[in-house]
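A short write-up of the structure that comes next.
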Amino acid sequence: MRKKIVLIVVVLLAVSTIVSGLSYQWDGEDSKNETNDTILSDSGIMADNTLYVGGTGNNNFTKIQYAIDNATDGDTVFVYNDSSPYEENVIVNKSITLTGEDKDTTVINGTGSGNTVTVEVNYVEVQGFSITYGDSAGIYVGGNDANITNNNIYSNSEGIDFSGSDSNIISDNDLWDNDWGVDIYRSSYNVFRNNSVEVKDSEVGFYFASDSLVNDIDTSNTVNGVSVLLVAGKDNVTVEDVNAVLPEKVKATNYGLINIYNCDNVTVTNATTANHEYHGIYIQGDNTNGSVENSTSYNNSYAGIRLEGATDTEVSNNTFYGNYYRGIRLNDADQNHISNNLVYNNAIDGIYIYQSSNTTISSNVLKENGDDGLSSYDSDDNIIENNTISSNDGNGIDLDSNNGNSIYYNTISSNNLDGIVLRGSSNYNTLKNNTVHSNDEYGIYIDSSDNNTIYHNNFFDNTYNGYDNGVNTWNASYPEGGNYWGDYNGSDNYSGPNQDQSGSDGIGDTPYDIPGDSNQDEYPLMEPTDDIVRFELELDSPEESDGWQFISLPLIPYDKSVEEALKDIDGSYDKVMYYDASQDDWQTFVPDRDEHYNDLGTWNREMGLWIHMTTNDTLVIDGDKPVSTDITLQPGWNMVGYPSGTNRIASDVLPSEVSKIAVFNKYAPYNIEYIYDLSTEVLVTGRGYWVYNSADQEVQWTVDY
């Protein structure tokens with residue numbers, strides 16, 4: 001038995017000699033030694049694989065780097081705050097957990113040289129520190145699957161820098177006073193949650209390189225207290241009610257406050273983005289079937305919204321104003337739909353289209369922009385229709401190097417330059433049923449562009465109605481005719497293709513010469529095109545309904561803004577309301593209220609309106625006569641117009657899925673009377689209606705004029 005005891009003692013002495021002979025980078029005299037609850041080896045490595053830095057434990061390390069150098073994968077390095085600040089540049093080259101005692105008082109100071117903390121390997125956790133004075137980055141992450149959480153990161157060139165680093169989790173960090181808060185380069189699939197970034201002046205909150213957009217940044221992340229968002233590589237997502245209004249103009253990201261990248265069927269609704277040094281909303285990459293609706297973007301330094309590479313995206317019922325470049329910008333974005341937006345007071349163009357094709361721009365109000373209402377470069381086969389474009393500092397519509405576009409039913413007026421411009425070999429475009437008037441220079445100006453067809457337009461009260469130095473066609477064949485020119489002085493005594501038969505036909509007997517070359521409108525119209533109609537509706541202020549009326553438009557108004565459409569009765573009403581069934585949302589317009597607070601901006605023939613009259617008046621609106629109108633009925637109740645010039649029995653024109661309607665009755669409760677037998681009710685031009693779609697899906701209602 002004594003031999004066994006002696007042998008054990010010898011072995012223990014031998015082990016102790018070996019351990020004590022190992023070399024470690026710590027200075028025993030500088031360490032504050034105090035008894036710990038956990039038994040320590042002489043090396044300072046905890047029995048539970050935790051290494052201590054600072055503090056009062058026996059043989060704790062004096063520098064964080066010393067502890068890391070002596071750790072192995074899976075260890076924890078715990079750093080006390082009593083020796084803070086730790087003035088060193090820490091390199092984490094092992095898969096460890098690096099934990100500070102208190103993020104506010106455990107400081108790593110990089111002394112203005114290089115990165116304060118560099119993560120070189122995978123599976124590293126850094127938490128609970130104040131990390132500062134990195135000449136490059138506060139934390140540089142070069143490995144994958146790191147967890148960076150609960151840190152203060154400030155006064156660095158870059159707060160957190162990712163380079164070739166994927167699948168990290170970054171959460172609950174506070175970053176401020178860095179040139180760039182977060183810099184992401186060649187890095188993907190990182191998840192950001194609950195991070196707060198403060199920036200000022202030229203600093204950037206989140207900077208994404210173009211190869212680093214597949215990351216996940218949700219609205220729990222903020223810059224200067226405002227949510228930022230990056231949705232990437234996801235499908236069937238709804239982003240709603242984001243209020244991203246920066247208190248002052250800064251660079252929250254190098255793209256948008258809301259960013260959508262490589263997604264399918266992502267909807268942005270009821271969002272507000274403002275005061276950003278870049279874009280408000282940025283949709284780019286292989287995005288399809290998305291939508292942006294019922295949102296507002298203003299006072300951003302670039303575009304209110306930018307689509308780049310996106311297809312089949314619907315941008316509708318939004319307001320874009322006061323942006324320092326454009327309201328809406330499309331770059332290489334095809335087959336999109338831009339409709340029913342109010343775009344005004346942007347520093348350059350209302351809408352700018354660059355190398356984007358097969359897109360429909362319809363029923364927008366583009367006014368008071370610093371250059372053109374709509375400008376398009378090198379973009380083909382687009383449809384520009386039913387827009388109201390007025391009072392812009394440049395041209396109403398400017399096409400440069402555009403081919404095969406269709407420009408229909410637009411009202412273009414009071415622009416400081418020309419109404420419509422075709423230049424730079426803009427060929428094979430068709431312009432029809434546009435009304436162009438009261439522009440300061442030309443109604444239409446065509447320069448170095450050929451094979452365009454222009455007919456059934458109305459050009460009047462422009463300083464010069466037309467100019468063309470190309471070879472273009474200014475009329476259809478007889479008897480369809482050409483255009484109406486307000487300064488045409490010919491007579492109409494004859495008819496026929498050669499205007500040599502007796503009797504007038506509404507077409508001038510002599511051609512209209514168009515300045516610039518030898519172009520002529522061979523069949524100038526004597527009156528504005530028949531597609532233009534005038535609608536008059538007497539509106540009283542009945543005591544029984546407390547002044548409310550329920551109305552609709554049977555035409556395509558020249559100006560689709562509510563304010564402009566109702567300017568004829570300005571002062572006789574004080575409120576307008578509309579219910580959007582697709583959004584389950586009531587929208588209002590109040591005269592003289594700041595436009596930012598009026599969420600009902602436009603009025604089209606598909607909509608019924610409740611209008612509160614304060615005195616009797618007559619509404620007079622000029623517009624174009626539609627051939628037919630398609631109205632989408634949502635399941636349940638829909639508030640709609642009746643866009644027809646003919647009164648018809650409801651059962652004859654409504655879809656079979658409509659089981660009941662409600663009509664205005666000033667004597668009925670809430671001014672509404674329900675009709676269940678549709679064969680007894682006549683739909684009347686100018687009235688609004690509630691119609692009930694009993695199907696569980698959308699139904700199309702086509703209304704012939």
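Just so we're on the same page: first chain in the structure tokens is A, next is B, and so on; residues restart at 1 for each chain, and ligands are numbered from 1 in the order they show up.
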
Problem set entry | Residue contacts of stretch 397-401 of chain A (8 Å, only C-alpha atoms) excluding same-chain residues fewer than 6 positions away, as number ranges by chain | A: 372-379, 389, 419-427

Counting only C-alpha atoms, which residues in stretch 389-463 of chain A sit no more than 12 Å from stretch 484-490 of chain A? For each one, give the nearest pair of atoms and the distance in Å, sorted by chain then residue number, as a Markdown table.
| residue | atom | partner | partner_atom | distance |
| --- | --- | --- | --- | --- |
| A:Lys432 | CA | A:Tyr484 | CA | 11.4 |
| A:Asn433 | CA | A:Tyr484 | CA | 10.1 |
| A:Asn434 | CA | A:Tyr484 | CA | 10.3 |
| A:Thr435 | CA | A:Tyr484 | CA | 9.3 |
| A:Val436 | CA | A:Trp485 | CA | 10.0 |
| A:His437 | CA | A:Gly486 | CA | 9.1 |
| A:Ser438 | CA | A:Gly486 | CA | 10.8 |
| A:Gly443 | CA | A:Trp485 | CA | 9.9 |
| A:Ile444 | CA | A:Trp485 | CA | 11.3 |
| A:Ile454 | CA | A:Tyr484 | CA | 11.1 |
| A:Tyr455 | CA | A:Tyr484 | CA | 8.6 |
| A:His456 | CA | A:Tyr484 | CA | 7.0 |
| A:Asn457 | CA | A:Tyr484 | CA | 6.2 |
| A:Asn458 | CA | A:Tyr484 | CA | 4.7 |
| A:Phe459 | CA | A:Trp485 | CA | 5.0 |
| A:Phe460 | CA | A:Gly486 | CA | 4.2 |
| A:Asp461 | CA | A:Gly486 | CA | 6.6 |
| A:Asn462 | CA | A:Gly486 | CA | 8.6 |
| A:Thr463 | CA | A:Asp487 | CA | 10.2 |

Within 10 Å of stretch 250-267 of chain A: each stretch 148-230 of chain A residue with its shortest pair, only C-alpha atoms, as a tab-separated table:
residue	atom	partner	partner_atom	distance
A:Trp180	CA	A:Thr253	CA	9.5
A:Gly181	CA	A:Ala252	CA	9.1
A:Val182	CA	A:Thr253	CA	9.3
A:Asp183	CA	A:Thr253	CA	9.9
A:Val197	CA	A:Ala252	CA	8.6
A:Glu198	CA	A:Ala252	CA	8.8
A:Val199	CA	A:Val250	CA	7.0
A:Lys200	CA	A:Val250	CA	6.1
A:Asp201	CA	A:Val250	CA	6.4
A:Ser202	CA	A:Lys251	CA	7.1
A:Glu203	CA	A:Lys251	CA	6.6
A:Val204	CA	A:Lys251	CA	4.9
A:Gly205	CA	A:Ala252	CA	4.5
A:Phe206	CA	A:Thr253	CA	4.6
A:Tyr207	CA	A:Asn254	CA	5.5
A:Phe208	CA	A:Asn254	CA	6.8
A:Ala209	CA	A:Asn254	CA	8.8
A:Ser210	CA	A:Tyr255	CA	9.9
A:Leu213	CA	A:Tyr261	CA	6.9
A:Val214	CA	A:Tyr261	CA	7.4
A:Asn215	CA	A:Tyr261	CA	9.4
A:Ile217	CA	A:Asn259	CA	9.4
A:Asp218	CA	A:Ile258	CA	9.6
A:Thr219	CA	A:Ile258	CA	9.2
A:Thr222	CA	A:Ala252	CA	8.5
A:Val223	CA	A:Ala252	CA	5.7
A:Asn224	CA	A:Ala252	CA	8.1
A:Val226	CA	A:Ala252	CA	8.8
A:Ser227	CA	A:Leu257	CA	7.6
A:Val228	CA	A:Leu257	CA	5.0
A:Leu229	CA	A:Ile258	CA	4.9
A:Leu230	CA	A:Asn259	CA	4.6

Keeping only C-alpha atoms, write the selected residues as a PDB file, in the first residue's frame.
ATOM      1  CA  TRP A 180     -19.950  53.596 -41.386  1.00  0.00           C
ATOM      2  CA  GLY A 181     -22.107  51.808 -38.858  1.00  0.00           C
ATOM      3  CA  VAL A 182     -22.178  48.407 -40.613  1.00  0.00           C
ATOM      4  CA  ASP A 183     -20.191  47.624 -43.775  1.00  0.00           C
ATOM      5  CA  VAL A 197     -27.202  52.795 -35.294  1.00  0.00           C
ATOM      6  CA  GLU A 198     -26.753  56.539 -34.854  1.00  0.00           C
ATOM      7  CA  VAL A 199     -25.277  58.528 -37.737  1.00  0.00           C
ATOM      8  CA  LYS A 200     -24.743  62.165 -38.640  1.00  0.00           C
ATOM      9  CA  ASP A 201     -23.438  64.260 -41.505  1.00  0.00           C
ATOM     10  CA  SER A 202     -21.646  62.017 -44.046  1.00  0.00           C
ATOM     11  CA  GLU A 203     -21.780  58.827 -41.963  1.00  0.00           C
ATOM     12  CA  VAL A 204     -23.639  55.741 -43.285  1.00  0.00           C
ATOM     13  CA  GLY A 205     -25.767  53.462 -41.129  1.00  0.00           C
ATOM     14  CA  PHE A 206     -25.778  50.237 -43.177  1.00  0.00           C
ATOM     15  CA  TYR A 207     -23.607  49.964 -46.284  1.00  0.00           C
ATOM     16  CA  PHE A 208     -24.241  46.998 -48.592  1.00  0.00           C
ATOM     17  CA  ALA A 209     -21.899  46.214 -51.453  1.00  0.00           C
ATOM     18  CA  SER A 210     -23.788  45.181 -54.588  1.00  0.00           C
ATOM     19  CA  LEU A 213     -27.735  42.149 -50.642  1.00  0.00           C
ATOM     20  CA  VAL A 214     -28.885  38.673 -49.603  1.00  0.00           C
ATOM     21  CA  ASN A 215     -29.048  39.496 -45.919  1.00  0.00           C
ATOM     22  CA  ILE A 217     -32.465  43.166 -41.798  1.00  0.00           C
ATOM     23  CA  ASP A 218     -35.921  43.555 -40.282  1.00  0.00           C
ATOM     24  CA  THR A 219     -37.591  46.645 -38.862  1.00  0.00           C
ATOM     25  CA  THR A 222     -32.982  51.365 -36.557  1.00  0.00           C
ATOM     26  CA  VAL A 223     -30.895  54.261 -37.764  1.00  0.00           C
ATOM     27  CA  ASN A 224     -31.396  57.406 -35.696  1.00  0.00           C
ATOM     28  CA  VAL A 226     -36.085  54.957 -37.528  1.00  0.00           C
ATOM     29  CA  SER A 227     -36.612  51.450 -38.879  1.00  0.00           C
ATOM     30  CA  VAL A 228     -34.638  50.253 -41.894  1.00  0.00           C
ATOM     31  CA  LEU A 229     -35.482  47.111 -43.804  1.00  0.00           C
ATOM     32  CA  LEU A 230     -33.848  44.672 -46.225  1.00  0.00           C
TER      33      LEU A 230
END

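Candidate residues A:Asn318, A:Ser95, A:Ser84, A:Asn647 were compared for distance to A:Tyr344, and the nearest is A:Asn318, using only C-alpha atoms.
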
Exercise. By how many Å are atom CA of A:Glu385 and atom CA of A:Asp594 apart?
Worked result: 28.1 Å

Exercise. Out of stretch 37-269 of chain A, which residues get helix (DSSP H, G or I) from DSSP, as a ChimeraX atom specification?
Worked result: /A:64-69

Problem set entry | Neighbour list for stretch 98-109 of chain A as a ChimeraX atom specification, cut-off 6 Å, only C-alpha atoms, skip fewer than 3 positions in-chain | /A:76-81,84-87,125-133,151
